[in-house]
Amino acid sequence: MEGALTARDRVGVQDFVLLESFTSEASFIENLRKRFRESLIYTYIGSVLVSVNPYRELEIYSRQHMERYRGINFYEVSPHIYAVSDNSYRSMRSEGKDQCILISGESGAGKTEASKKILQYYAVTCPSSTRVESVRDRLLQSNPVLEAFGNAKTLRNDNSSRFGKYMDVQFDFRGAPVGGHILNYLLEKSRVVHQNHGERNFHIFYQVLEGGDNELLQRLGLERNAQSYQYLVKGHCAKVSSINDKNEWKTVHRALSVIDFSSSDIEELLSVVASVLHLGNLQCLADEDGNATVNGENQFRLLSRLLGVPGPTLKEALIHRKIIAKGEELISPLNVEQAAYARDALAKAIYGRTFSWLVNKINESLHHKDSTYSENYRPNIIGLLDIYGFEVFQNNSFEQFCINYCNEKLQQLFIELTLKSEQEEYESEGIAWEPVLYFNNKIICDLVEEKHKGVISILDEECLRPGDATDLTFLEKLEETVGSHPHFMTHKLADQKTRKTLGREEFRLLHYAGEVNYNVTGFLDKNNDLLFRNLKEAMCESGNRIVSQCFEPAGREDKKRPETAATQFKNSLAKLMEILMSKDPSYIRCIKPNDAKQAGRFDEVLIRHQVKYLGLMENLRVRRAGFAYRRRFEIFLQRYKTLCPQTWPNWKGQPGEGVATLVQHLGYKPEDYKLGRTKIFIRFPKTLFATEDAFQLRKNTIATTIQAEWRGYHQRQKYQKLRSSAITIQSWWRGEMGRQVATRRKNAAEKIRRFIKGFIHRQRPRCPDNEYFVDYVRCAFLMKLKRNLPKNVLDKSWPVPPPALSEASELLRELHMRNMVQIYCRRISAEWKQQLEQKVVASTLFKDKKDNYPQSVPKLFVNSRIMTNEINSKVLQIIESDSIKYAVAVTKYDRNGYRARPRQLLITPSSAFLVEEAKVKQTIDYTNLRGISVSSLSDGLFVLHVPCEDNRQKGDLVLRSDHVIETLTKLAIASDKVDSVNINQGSIKFTIKQGKEGIIDFTSGSELIISKAKNGHLSVVAPRLNSR
């Protein structure tokens, strides 16, 4: 940090405590201006970081910048938000104590962006794992969801957070983020129903209308035009050039999925969003009696479906009020004004409670639930508080009152913790602590929160008392109760001059940052935040899971009046103070340079206003009450030791003694500094500046001396190193070469010895003496086998194995054959498969049984021996041509006389037909086919045996085919009579007619002769082709 002091005239000082005129607000702002002009947006006040929004992207947030600040001492590098983040992280890791970072500033000052940068820093630099990546994604993706539902475009900021947020990031023992928890404060629910001119409602409404697909909008009953909805037109600013609602919707939708929102969760959440828009379009009118009615049946149907509440129930609840008096329920009609209030109150309640539900849902997703840790294990925490800054508008209402009360509490906490930290540091260093005078704003906090006497108590009392309580009666009650308080003023209590700056409906509080006038109009309504009982009951009946959880029946049955908005905020703020007090704090104060959101523009009036309301001058005054600069002895001595001959180039003694010698040589006056136990404290910045300037002058001389000495030393070292290296390499190389030769010879002799010994004992079982030889032989056989494996199933060759591998060889041979068969089977086509199946059947029937079977093996079976166009059309009409499986020309021999007649045999799935030209001579149903007989010779005769139980039935068929093997195979398959094929030797008997048989005699000869023998038998002489 001290290195930047040389350029202080141009870029200012990095730490405001080094300002010479630290009490001057003009000097403070001028230092800010210098740094802002050079795009240096970060400056310290001690450990407090002041950040000025540049309104443009700066190249200072890359991964390289993160690594630059990682693990580095806070003051060793230039001011940056990463330095604060890393300092908190290292303090948590080293001290084991929880930390918190408090981010404050006006709307548009960059608070939300600052919290994002901190989370991104932890996401990149912390240890990583699969679960950590998931938690990081959820932590980062929770931001766009919360921004969509909790941020809006205001006059000062296009992405203004309209709620306060405190996020705990939980770290495990390794320092990895493993969970988180979010607390939200004071959502600006009034924005749902009303926006000032130039402002918008919450982002989510516009994102759904612009980015939602047509199907989604149709389900929600929405139009893409924001001008169609009363809750979106009051600010006259639906479109903003700097906001792309369509792209933002994609980001939000993706983020909802990352943080464990199911599709049904998203659908129900968007139904609630749509229902708020539809509520705003309900119009309240007066009937003849002056009572309110609500028109818009279409809106009621949509609301009934989206909220899961019956339409009549909702309509009744919007125009009537249920009152319980003396235990009795009374239903009172509402006038138009009351009905409009009820409608808007319901819209605000639904949205506000849904926002709380959303935060709880995100907390469930971020919850640290790791079974590897015990139940008593508590992770370390770094908290991020992104809270509204002090607000002063032309018209300040209830929201500004709560926000400024919050800032009073935070300022009180900051001053207490800062003074405590300073006092502890002084005491640890053994330096006397001098009490610091400062403005203690406890008197203002008590004015606001004191029991029975504070502004909040009076406001609650006025809200709860019976009778006609109004905002003006509340103001009168304030004047009666706290009118004498020095920090309170009203128009009635003020003098003539002050009354000109105070309205009759206003009261003034003198805050630590200045005076603020509050208009009491709306204070009671906003504090009550009431929702009529019957509207609550209607919402309790909702079929929408989110709405039913937000309006639980338990709350409806509780007769006790709920706490007011101010009391709830006070209680939650008290809990927040407890949380912050239990942690070591760091502070980031954000400043907005101009209202026009222009880069490079520095509005001095606006910045002076923020410096005042952020209490920065008070912070600086407290920090400078003692010593402006402090450093550890080692760091101070290391930097400035060149300025003293006794400490240069190296100090041999204790660092404290060295620093004492150095400052004595430099001529420091006793009142200018103090030496603590480990640090030097310098009272005035001018003393440090003089030392730094002397150091810069001394650097040139020192640099020249160091360069000369270093060059000589470097060259000598280089020569010695080269010489030593050359000798070492030569020696090593010679030794290495000799060792390699000896090793090769030794290995070669060992292998030869083992091989010979194994060969001698090769017939013995495997043992240490022969294992090398046996392994070699096995390996050689396997390599030979790899080169000579059979290439197809017909190749029966196989290398001869050594005796030791006979069994393994047979197993491998069988496995290889199976593999080739499997490959072959996978490659064959359906037609070829059918051909093989038929050949298998033929082999089963005729192999080694029929003389002419071997001649049929190499010949493929055809699908049919007669084409369809060769069969008479009349026959085709009778038997249906597409059912013919096989057709072949055959010769039929008459039963009487054995006369040969040409015929066609047609085989179908159910029958076989014997055809003569256009006539079907005989039909053989497969169920009546008793068997098939054929001889063992090479003739083509076969007999089809059919039943012949009376004279009307024809007898067996005697046929001959030139393709007898093919014909009988196809017939046997089609008729499923494979087991009924008989192969006879010598003769075949067949039935001519009932009671009469014929005989066919078969003999071997030189040629085929078929004739009728003298004995009346059919004589067949067939040549023998094969000897069996």
# chains A, B, ... in the order shown; residues from 1 in each chain; ligands from 1

$ select_by_dssp --residues "stretch 463-636 of chain A" --states "strand (DSSP E or B)" --output "PyMOL selection string"
chain A and resi 488-490+506-511+514-519+584-591+629-632

$ write_last_selection --atoms "C-alpha atoms" --output "PDB file, in the first residue's frame"
ATOM      1  CA  PHE A 488     -37.814  15.527  18.060  1.00  0.00           C
ATOM      2  CA  MET A 489     -39.733  18.408  16.497  1.00  0.00           C
ATOM      3  CA  THR A 490     -43.176  19.079  14.931  1.00  0.00           C
ATOM      4  CA  GLU A 506     -44.908  16.033   9.639  1.00  0.00           C
ATOM      5  CA  PHE A 507     -42.548  15.372  12.525  1.00  0.00           C
ATOM      6  CA  ARG A 508     -38.772  15.738  12.448  1.00  0.00           C
ATOM      7  CA  LEU A 509     -36.097  13.463  13.914  1.00  0.00           C
ATOM      8  CA  LEU A 510     -32.528  14.662  14.291  1.00  0.00           C
ATOM      9  CA  HIS A 511     -30.579  11.554  13.223  1.00  0.00           C
ATOM     10  CA  GLY A 514     -28.922  14.973   9.956  1.00  0.00           C
ATOM     11  CA  GLU A 515     -32.528  16.066  10.145  1.00  0.00           C
ATOM     12  CA  VAL A 516     -35.316  14.133   8.400  1.00  0.00           C
ATOM     13  CA  ASN A 517     -38.985  15.176   8.116  1.00  0.00           C
ATOM     14  CA  TYR A 518     -41.521  12.328   8.172  1.00  0.00           C
ATOM     15  CA  ASN A 519     -45.077  12.712   6.859  1.00  0.00           C
ATOM     16  CA  ASP A 584     -16.294  -9.981  13.666  1.00  0.00           C
ATOM     17  CA  PRO A 585     -17.537  -7.288  11.277  1.00  0.00           C
ATOM     18  CA  SER A 586     -16.137  -5.785   8.102  1.00  0.00           C
ATOM     19  CA  TYR A 587     -17.725  -2.779   6.423  1.00  0.00           C
ATOM     20  CA  ILE A 588     -18.371  -1.695   2.858  1.00  0.00           C
ATOM     21  CA  ARG A 589     -19.872   1.787   2.335  1.00  0.00           C
ATOM     22  CA  CYS A 590     -21.302   2.242  -1.167  1.00  0.00           C
ATOM     23  CA  ILE A 591     -21.619   5.697  -2.764  1.00  0.00           C
ATOM     24  CA  TYR A 629      -0.648   4.671  10.559  1.00  0.00           C
ATOM     25  CA  ARG A 630       0.419   1.391  12.124  1.00  0.00           C
ATOM     26  CA  ARG A 631       2.477  -1.483  10.797  1.00  0.00           C
ATOM     27  CA  ARG A 632       4.234  -4.545  12.134  1.00  0.00           C
TER      28      ARG A 632
END

$ atom_distance --atom1 "atom CA of A:Phe689" --atom2 "atom CA of A:Leu18"
8.9 Å

$ residues_around --residues "stretch 567-580 of chain A" --least-positions-apart "3" --cutoff "9 Å" --atoms "only C-alpha atoms" --output "JSON, numbers by chain"
{"A": [99, 100, 102, 166, 185, 186, 383, 402, 405, 406, 409, 410, 413, 449, 456, 457, 460, 527, 563, 564, 583, 584, 585]}

$ write_last_selection --atoms "C-alpha atoms" --output "mmCIF file, in the first residue's frame"
data_model
loop_
_atom_site.group_PDB
_atom_site.id
_atom_site.type_symbol
_atom_site.label_atom_id
_atom_site.label_comp_id
_atom_site.auth_asym_id
_atom_site.auth_seq_id
_atom_site.Cartn_x
_atom_site.Cartn_y
_atom_site.Cartn_z
ATOM 1 C CA GLN A 99 -17.368 -13.054 10.324
ATOM 2 C CA CYS A 100 -19.840 -10.647 8.746
ATOM 3 C CA LEU A 102 -21.972 -5.098 6.291
ATOM 4 C CA TYR A 166 -28.797 -10.886 5.386
ATOM 5 C CA TYR A 185 -36.312 -7.521 6.119
ATOM 6 C CA LEU A 186 -39.137 -5.085 5.318
ATOM 7 C CA GLY A 383 -22.561 -13.190 6.888
ATOM 8 C CA CYS A 402 -38.007 2.092 9.448
ATOM 9 C CA TYR A 405 -34.094 3.539 12.318
ATOM 10 C CA CYS A 406 -32.226 0.484 11.012
ATOM 11 C CA LYS A 409 -28.852 0.890 14.987
ATOM 12 C CA LEU A 410 -26.139 -0.088 12.511
ATOM 13 C CA LEU A 413 -23.105 -0.921 16.358
ATOM 14 C CA GLU A 449 -37.645 2.051 20.260
ATOM 15 C CA ILE A 456 -42.868 2.735 17.728
ATOM 16 C CA SER A 457 -44.657 2.081 21.045
ATOM 17 C CA ASP A 460 -48.625 0.653 18.139
ATOM 18 C CA ASN A 527 -48.154 -0.240 10.530
ATOM 19 C CA GLU A 563 -47.809 -7.790 15.816
ATOM 20 C CA THR A 564 -47.657 -4.535 13.890
ATOM 21 C CA LYS A 583 -19.391 -11.950 14.641
ATOM 22 C CA ASP A 584 -16.294 -9.981 13.666
ATOM 23 C CA PRO A 585 -17.537 -7.288 11.277
#

$ residues_around --residues "A:Leu643" --least-positions-apart "6" --cutoff "9 Å" --atoms "only C-alpha atoms" --output "list in words"
Leu662, His665, Leu666, Thr691, Ala694, Phe695 and Arg698 of chain A

$ closest_residue --among "A:Arg624, A:Lys850, A:Leu789, A:Asp495" --to "A:Arg683" --atoms "only C-alpha atoms"
A:Arg624

$ residues_around --residues "stretch 942-949 of chain A" --least-positions-apart "2" --cutoff "9 Å" --atoms "only C-alpha atoms" --output "ChimeraX atom specification"
/A:924,928-935,939-940,951-961,964,968,988-995

$ closest_residue --among "A:Lys718, A:Arg37, A:Lys361, A:Lys674" --to "A:Phe627" --atoms "only C-alpha atoms"
A:Lys674

$ closest_residue --among "A:Phe401, A:Phe861, A:Phe355, A:Phe202" --to "A:Gly235" --atoms "only C-alpha atoms"
A:Phe202

$ residues_around --residues "A:Gly658" --least-positions-apart "2" --cutoff "9 Å" --atoms "only C-alpha atoms" --output "VMD selection string"
chain A and resid 633 637 641 646 to 647 651 to 656 660 to 663

$ atom_distance --atom1 "atom CA of A:Ile866" --atom2 "atom CA of A:Ala900"
19.8 Å

$ select_by_dssp --residues "stretch 330-529 of chain A" --states "helix (DSSP H, G or I)" --output "MDAnalysis selection string"
chainID A and resid 336:366 398:429 442:449 455:464 471:482 496:499 523:528

$ closest_residue --among "A:Gly211, A:Thr481, A:Ser304, A:Tyr673" --to "A:Glu450" --atoms "only C-alpha atoms"
A:Thr481

$ residues_around --residues "stretch 795-810 of chain A" --least-positions-apart "4" --cutoff "7 Å" --atoms "only C-alpha atoms" --output "PDB file with all heavy atoms, in the first residue's frame"
ATOM      1  N   PHE A 781       4.165 -70.949 -28.282  1.00  0.00           N
ATOM      2  CA  PHE A 781       3.030 -71.658 -28.900  1.00  0.00           C
ATOM      3  C   PHE A 781       1.843 -70.711 -29.099  1.00  0.00           C
ATOM      4  O   PHE A 781       1.194 -70.692 -30.152  1.00  0.00           O
ATOM      5  CB  PHE A 781       2.605 -72.841 -28.022  1.00  0.00           C
ATOM      6  CG  PHE A 781       1.297 -73.452 -28.462  1.00  0.00           C
ATOM      7  CD1 PHE A 781       1.223 -74.193 -29.630  1.00  0.00           C
ATOM      8  CD2 PHE A 781       0.133 -73.231 -27.733  1.00  0.00           C
ATOM      9  CE1 PHE A 781       0.015 -74.733 -30.040  1.00  0.00           C
ATOM     10  CE2 PHE A 781      -1.058 -73.770 -28.136  1.00  0.00           C
ATOM     11  CZ  PHE A 781      -1.128 -74.520 -29.291  1.00  0.00           C
ATOM     12  N   LEU A 785       0.149 -69.772 -32.487  1.00  0.00           N
ATOM     13  CA  LEU A 785      -1.285 -70.000 -32.659  1.00  0.00           C
ATOM     14  C   LEU A 785      -1.980 -68.731 -33.137  1.00  0.00           C
ATOM     15  O   LEU A 785      -2.879 -68.776 -33.990  1.00  0.00           O
ATOM     16  CB  LEU A 785      -1.896 -70.465 -31.326  1.00  0.00           C
ATOM     17  CG  LEU A 785      -3.400 -70.764 -31.323  1.00  0.00           C
ATOM     18  CD1 LEU A 785      -3.708 -71.881 -32.312  1.00  0.00           C
ATOM     19  CD2 LEU A 785      -3.855 -71.157 -29.927  1.00  0.00           C
ATOM     20  N   PRO A 790      -7.216 -70.929 -37.642  1.00  0.00           N
ATOM     21  CA  PRO A 790      -8.077 -71.232 -38.801  1.00  0.00           C
ATOM     22  C   PRO A 790      -8.947 -70.024 -39.127  1.00  0.00           C
ATOM     23  O   PRO A 790      -9.425 -69.326 -38.250  1.00  0.00           O
ATOM     24  CB  PRO A 790      -8.921 -72.406 -38.314  1.00  0.00           C
ATOM     25  CG  PRO A 790      -8.134 -73.022 -37.209  1.00  0.00           C
ATOM     26  CD  PRO A 790      -7.391 -71.917 -36.550  1.00  0.00           C
ATOM     27  N   LYS A 791      -9.123 -69.814 -40.445  1.00  0.00           N
ATOM     28  CA  LYS A 791      -9.857 -68.638 -40.877  1.00  0.00           C
ATOM     29  C   LYS A 791     -11.346 -68.893 -41.086  1.00  0.00           C
ATOM     30  O   LYS A 791     -12.132 -67.957 -41.163  1.00  0.00           O
ATOM     31  CB  LYS A 791      -9.258 -68.111 -42.187  1.00  0.00           C
ATOM     32  CG  LYS A 791      -7.810 -67.689 -42.079  1.00  0.00           C
ATOM     33  CD  LYS A 791      -7.640 -66.548 -41.088  1.00  0.00           C
ATOM     34  CE  LYS A 791      -6.222 -66.003 -41.089  1.00  0.00           C
ATOM     35  NZ  LYS A 791      -5.237 -66.963 -40.536  1.00  0.00           N
ATOM     36  N   GLU A 814     -11.709 -75.481 -29.330  1.00  0.00           N
ATOM     37  CA  GLU A 814     -13.170 -75.545 -29.249  1.00  0.00           C
ATOM     38  C   GLU A 814     -13.772 -74.140 -29.165  1.00  0.00           C
ATOM     39  O   GLU A 814     -14.770 -73.837 -29.844  1.00  0.00           O
ATOM     40  CB  GLU A 814     -13.578 -76.358 -28.017  1.00  0.00           C
ATOM     41  CG  GLU A 814     -15.077 -76.539 -27.883  1.00  0.00           C
ATOM     42  CD  GLU A 814     -15.451 -77.357 -26.662  1.00  0.00           C
ATOM     43  OE1 GLU A 814     -14.531 -77.931 -26.038  1.00  0.00           O
ATOM     44  OE2 GLU A 814     -16.649 -77.416 -26.337  1.00  0.00           O
TER      45      GLU A 814
END

$ decode --residues "stretch 395-407 of chain A" --atoms "N, CA, C and O atoms" --output "PDB file, in the first residue's frame"
ATOM      1  N   ASN A 395     -40.542  13.526   0.243  1.00  0.00           N
ATOM      2  CA  ASN A 395     -41.649  13.077   1.089  1.00  0.00           C
ATOM      3  C   ASN A 395     -41.243  11.750   1.734  1.00  0.00           C
ATOM      4  O   ASN A 395     -41.147  10.738   1.050  1.00  0.00           O
ATOM      5  N   ASN A 396     -40.991  11.750   3.016  1.00  0.00           N
ATOM      6  CA  ASN A 396     -40.544  10.550   3.724  1.00  0.00           C
ATOM      7  C   ASN A 396     -41.705   9.969   4.520  1.00  0.00           C
ATOM      8  O   ASN A 396     -42.371  10.680   5.266  1.00  0.00           O
ATOM      9  N   SER A 397     -41.912   8.643   4.348  1.00  0.00           N
ATOM     10  CA  SER A 397     -43.068   8.003   4.977  1.00  0.00           C
ATOM     11  C   SER A 397     -42.602   6.900   5.927  1.00  0.00           C
ATOM     12  O   SER A 397     -41.456   6.887   6.386  1.00  0.00           O
ATOM     13  N   PHE A 398     -43.515   5.971   6.194  1.00  0.00           N
ATOM     14  CA  PHE A 398     -43.273   4.900   7.163  1.00  0.00           C
ATOM     15  C   PHE A 398     -42.037   4.075   6.782  1.00  0.00           C
ATOM     16  O   PHE A 398     -41.250   3.693   7.655  1.00  0.00           O
ATOM     17  N   GLU A 399     -41.880   3.779   5.449  1.00  0.00           N
ATOM     18  CA  GLU A 399     -40.747   2.952   5.016  1.00  0.00           C
ATOM     19  C   GLU A 399     -39.418   3.628   5.333  1.00  0.00           C
ATOM     20  O   GLU A 399     -38.467   2.988   5.812  1.00  0.00           O
ATOM     21  N   GLN A 400     -39.322   4.954   5.060  1.00  0.00           N
ATOM     22  CA  GLN A 400     -38.075   5.673   5.346  1.00  0.00           C
ATOM     23  C   GLN A 400     -37.814   5.734   6.855  1.00  0.00           C
ATOM     24  O   GLN A 400     -36.665   5.670   7.295  1.00  0.00           O
ATOM     25  N   PHE A 401     -38.885   5.831   7.641  1.00  0.00           N
ATOM     26  CA  PHE A 401     -38.739   5.830   9.098  1.00  0.00           C
ATOM     27  C   PHE A 401     -38.075   4.529   9.570  1.00  0.00           C
ATOM     28  O   PHE A 401     -37.124   4.544  10.372  1.00  0.00           O
ATOM     29  N   CYS A 402     -38.577   3.396   9.060  1.00  0.00           N
ATOM     30  CA  CYS A 402     -38.007   2.092   9.448  1.00  0.00           C
ATOM     31  C   CYS A 402     -36.567   1.947   8.950  1.00  0.00           C
ATOM     32  O   CYS A 402     -35.696   1.463   9.673  1.00  0.00           O
ATOM     33  N   ILE A 403     -36.332   2.371   7.697  1.00  0.00           N
ATOM     34  CA  ILE A 403     -34.989   2.244   7.113  1.00  0.00           C
ATOM     35  C   ILE A 403     -33.978   3.080   7.900  1.00  0.00           C
ATOM     36  O   ILE A 403     -32.876   2.620   8.226  1.00  0.00           O
ATOM     37  N   ASN A 404     -34.341   4.305   8.231  1.00  0.00           N
ATOM     38  CA  ASN A 404     -33.412   5.182   8.952  1.00  0.00           C
ATOM     39  C   ASN A 404     -33.202   4.735  10.393  1.00  0.00           C
ATOM     40  O   ASN A 404     -32.122   4.897  10.960  1.00  0.00           O
ATOM     41  N   TYR A 405     -34.244   4.148  10.982  1.00  0.00           N
ATOM     42  CA  TYR A 405     -34.094   3.539  12.318  1.00  0.00           C
ATOM     43  C   TYR A 405     -33.090   2.390  12.256  1.00  0.00           C
ATOM     44  O   TYR A 405     -32.216   2.261  13.129  1.00  0.00           O
ATOM     45  N   CYS A 406     -33.187   1.575  11.203  1.00  0.00           N
ATOM     46  CA  CYS A 406     -32.226   0.484  11.012  1.00  0.00           C
ATOM     47  C   CYS A 406     -30.801   1.030  10.900  1.00  0.00           C
ATOM     48  O   CYS A 406     -29.873   0.489  11.495  1.00  0.00           O
ATOM     49  N   ASN A 407     -30.630   2.124  10.137  1.00  0.00           N
ATOM     50  CA  ASN A 407     -29.296   2.704   9.971  1.00  0.00           C
ATOM     51  C   ASN A 407     -28.766   3.310  11.260  1.00  0.00           C
ATOM     52  O   ASN A 407     -27.559   3.301  11.506  1.00  0.00           O
TER      53      ASN A 407
END
